[in-house]
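S.K.: Let me begin by handing over the structure; questions about it come next.
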Amino acid sequence: MTAMAHSGKAVVTLPSDTEIKITREFAAPKHLVYKAWTTPELIKRWWGGRRGVVNLAEVDLRVGGKWRYLSTTDRGFEVGFHGVFREVVANDRLVYTEVYEGVPGGDDDPPVVTLTFTESGGRTTLTSLTQLSSREVRDMIIQSGMEGGMQHAMDLLEEVAIALI
Amino acid sequence: MPRAPTTTDAFNAVAEPRRRQILDALATGERPVNDLVALLGVAQPHVSKHLRVLREVGLVEVRDEGRQRIYRLNGRSLKPIHDWLKHYEQTWNEAFDQLDSVLEDLKGKEQRNDSDGA
């Protein structure tokens with residue numbers, strides 16, 4: 001209930017009013033999870049989920065390097081995300097910005113994502129902590145989807161939500 | 001935009017573990033303060049402080065019954081947060097399920113490479 005929703009294996013929590021945390025365990029060692037997360041041809045196979053096709057995945061995996069994903073949702077929307085790597089520790093940790101390209105000025109104060117890969121007994125726990133720049137940004141994301149109550153708003157929310165990991 | 005004070009923000013209100021405990025307890029029905037104090041195992045002033053925060057953001061409502069104050073959950077104010085989280089989580093679960101199958105492939109390839117090298 002409340003700050004947690006369980007549907008499947010990922011657990012989403014709100015550690016503070018400007019943070020979103022996702023935890024998920026994978027039945028694979030961390031170097032493979034890291035590889036799947038950072039290799040363009042592999043990203044294309046999973047990142048779109050069941051809702052879209054990833055047309056482009058570019059990853060310049062080094063500090064200061066840029067990444068960009070473009071996808072088309074099954075409702076025909078083009079969705080783009082990009083960002084810059086701030087920390088790259090192979091198989092252990094990634095810190096990067098993540099900008100949803102549908103929002104003007106998104107690059108000004110982008111969400112910062114910290115990913116950690118922790119292995120135990122051949123399994124990997126992935127933790128994603130998204131730090132939003134402000135409570136207002138968070139409220140905008142949530143209100144755009146929930147107060148409108150329209151399908152289009154839901155689609156937008158879907159797209160923005162993807163930007164938040 | 002000015003920053004809203006903590007107590008006006010439902011998200012912040014539920015971000016605190018004790019307050020989530022209180023909400024969980026109230027999810028099964030209304031309870032007097034003493035019940036919540038016993039359940040949480042912390043001093044009454046702390047519980048009252050958390051209840052005040054929850055009340056100010058509209059997550060709980062209170063009524064007096066004789067000398068007791070009875071609290072209940074206001075599900076309506078939680079719904080937007082809950083809906084959004086559920087949707088967000090589902091989006092990621094779908095991607096992660098596909099990531100699972102990518103990982104199975106990678107594991108298979110690694111094993112084949114290992115046996116080739118042996």
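Residue numbering restarts at 1 in every chain; chains get A, B, ... in the order shown in the structure tokens, and ligands count up from 1 in that same order.
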Near chain A, which residues of chain B fall within 9 Å when you count only C-alpha atoms, and what do they look like as an mmCIF file with C-alpha atoms, in the first residue's frame?

M.R.:
data_model
loop_
_atom_site.group_PDB
_atom_site.id
_atom_site.type_symbol
_atom_site.label_atom_id
_atom_site.label_comp_id
_atom_site.auth_asym_id
_atom_site.auth_seq_id
_atom_site.Cartn_x
_atom_site.Cartn_y
_atom_site.Cartn_z
ATOM 1 C CA MET B 1 8.191 28.280 -7.315
ATOM 2 C CA ARG B 3 9.029 25.127 -1.826
ATOM 3 C CA ALA B 4 5.970 23.755 -0.061
ATOM 4 C CA THR B 6 6.880 19.410 4.463
ATOM 5 C CA ASP B 9 3.074 17.198 0.830
ATOM 6 C CA ALA B 10 1.463 13.768 0.773
ATOM 7 C CA PHE B 11 4.514 12.191 -0.839
ATOM 8 C CA ASN B 12 6.776 13.413 1.877
ATOM 9 C CA ALA B 13 4.263 12.301 4.470
ATOM 10 C CA VAL B 14 4.360 8.720 3.232
ATOM 11 C CA ALA B 15 8.133 8.730 2.734
ATOM 12 C CA GLU B 16 8.622 8.419 6.517
ATOM 13 C CA PRO B 17 8.684 4.758 7.664
ATOM 14 C CA ARG B 20 3.800 4.333 6.545
ATOM 15 C CA LEU B 23 -1.125 4.095 7.374
ATOM 16 C CA ASP B 24 -0.705 0.331 7.094
ATOM 17 C CA ALA B 27 -5.707 0.322 6.235
ATOM 18 C CA LEU B 78 -3.606 8.090 -1.291
ATOM 19 C CA LYS B 79 -5.016 6.935 -4.577
ATOM 20 C CA PRO B 80 -3.028 9.212 -6.922
ATOM 21 C CA ILE B 81 0.238 8.167 -5.306
ATOM 22 C CA HIS B 82 -0.720 4.528 -5.298
ATOM 23 C CA ASP B 83 -1.908 4.581 -8.912
ATOM 24 C CA TRP B 84 1.172 6.322 -10.122
ATOM 25 C CA LEU B 85 3.529 3.966 -8.303
ATOM 26 C CA LYS B 86 1.675 0.942 -9.588
ATOM 27 C CA HIS B 87 1.829 2.172 -13.131
ATOM 28 C CA TYR B 88 5.494 3.105 -12.846
ATOM 29 C CA GLU B 89 6.327 -0.265 -11.342
ATOM 30 C CA GLN B 90 4.419 -2.136 -14.022
ATOM 31 C CA THR B 91 6.252 -0.302 -16.784
ATOM 32 C CA TRP B 92 9.548 -1.352 -15.293
ATOM 33 C CA ASN B 93 8.442 -4.896 -14.600
ATOM 34 C CA GLU B 94 7.658 -5.355 -18.269
ATOM 35 C CA ALA B 95 11.099 -4.158 -19.281
ATOM 36 C CA PHE B 96 12.783 -6.209 -16.558
ATOM 37 C CA ASP B 97 10.959 -9.355 -17.669
ATOM 38 C CA GLN B 98 12.502 -8.893 -21.088
ATOM 39 C CA LEU B 99 15.851 -8.187 -19.504
ATOM 40 C CA ASP B 100 15.522 -11.585 -17.794
ATOM 41 C CA SER B 101 15.384 -13.316 -21.149
ATOM 42 C CA VAL B 102 18.375 -11.329 -22.440
ATOM 43 C CA LEU B 103 20.289 -12.480 -19.365
ATOM 44 C CA GLU B 104 19.332 -16.109 -19.986
ATOM 45 C CA LEU B 106 24.000 -14.229 -22.126
ATOM 46 C CA LYS B 107 24.377 -16.952 -19.514
#

S.K.: Please report, as a PyMOL selection string, each residue of segment 50-158 of chain A to which DSSP assigns alpha helix (DSSP H) when run on this structure's backbone.

M.R.: chain A and resi 135-146+151-158

S.K.: Neighbours of segment 48-63 of chain B within 8 Å (only C-alpha atoms; same-chain residues fewer than 6 positions away dropped), as a PyMOL selection string?

M.R.: chain B and resi 7-10+13+18-19+33+69-75+77-78

S.K.: Could you save those same residues with C-alpha atoms as a compact mmCIF listing (two decimals), in the first residue's frame?

M.R.:
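Produced file result-v4.txt, reproduced below:
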# COMPACT_ATOMS: atom_id res chain seq x y z
CA THR B 7 3.52 18.88 6.02
CA THR B 8 1.59 19.93 2.95
CA ASP B 9 3.07 17.20 0.83
CA ALA B 10 1.46 13.77 0.77
CA ALA B 13 4.26 12.30 4.47
CA ARG B 18 6.73 5.31 10.90
CA ARG B 19 4.05 7.17 9.05
CA VAL B 33 -4.38 6.68 19.26
CA ARG B 69 -9.49 10.27 19.40
CA ILE B 70 -10.15 7.77 16.61
CA TYR B 71 -8.12 7.91 13.41
CA ARG B 72 -9.01 6.51 10.03
CA LEU B 73 -7.37 6.38 6.66
CA ASN B 74 -8.54 8.67 3.88
CA GLY B 75 -8.04 6.39 0.90
CA SER B 77 -5.84 11.12 -0.92
CA LEU B 78 -3.61 8.09 -1.29

S.K.: Just want the 10 Å neighbourhood of segment 89-96 of chain A, counted on only C-alpha atoms, with same-chain residues fewer than 6 positions away dropped. Output as an MDAnalysis selection string.

M.R.: chainID A and resid 29:35 37:38 61:67 82:83 110:119 126:130

S.K.: One decimal, Å: what's the distance from atom CA of His46 of chain B over to atom CA of Gln21 of chain B, could you say?

M.R.: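 Calculated distance between atom CA of His46 of chain B and atom CA of Gln21 of chain B is 12.9 Å.
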
S.K.: Any idea what the distance is between atom CA of Asn55 of chain A and atom CA of Thr72 of chain A?

M.R.: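 Here the two named atoms are 7.2 Å from each other.
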
S.K.: Which value, in Å to one decimal, gives the distance between atom CA of Ser133 of chain A and atom CA of Ile22 of chain B?

M.R.: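 For atom CA of Ser133 of chain A relative to atom CA of Ile22 of chain B, the distance reads 28.7 Å.
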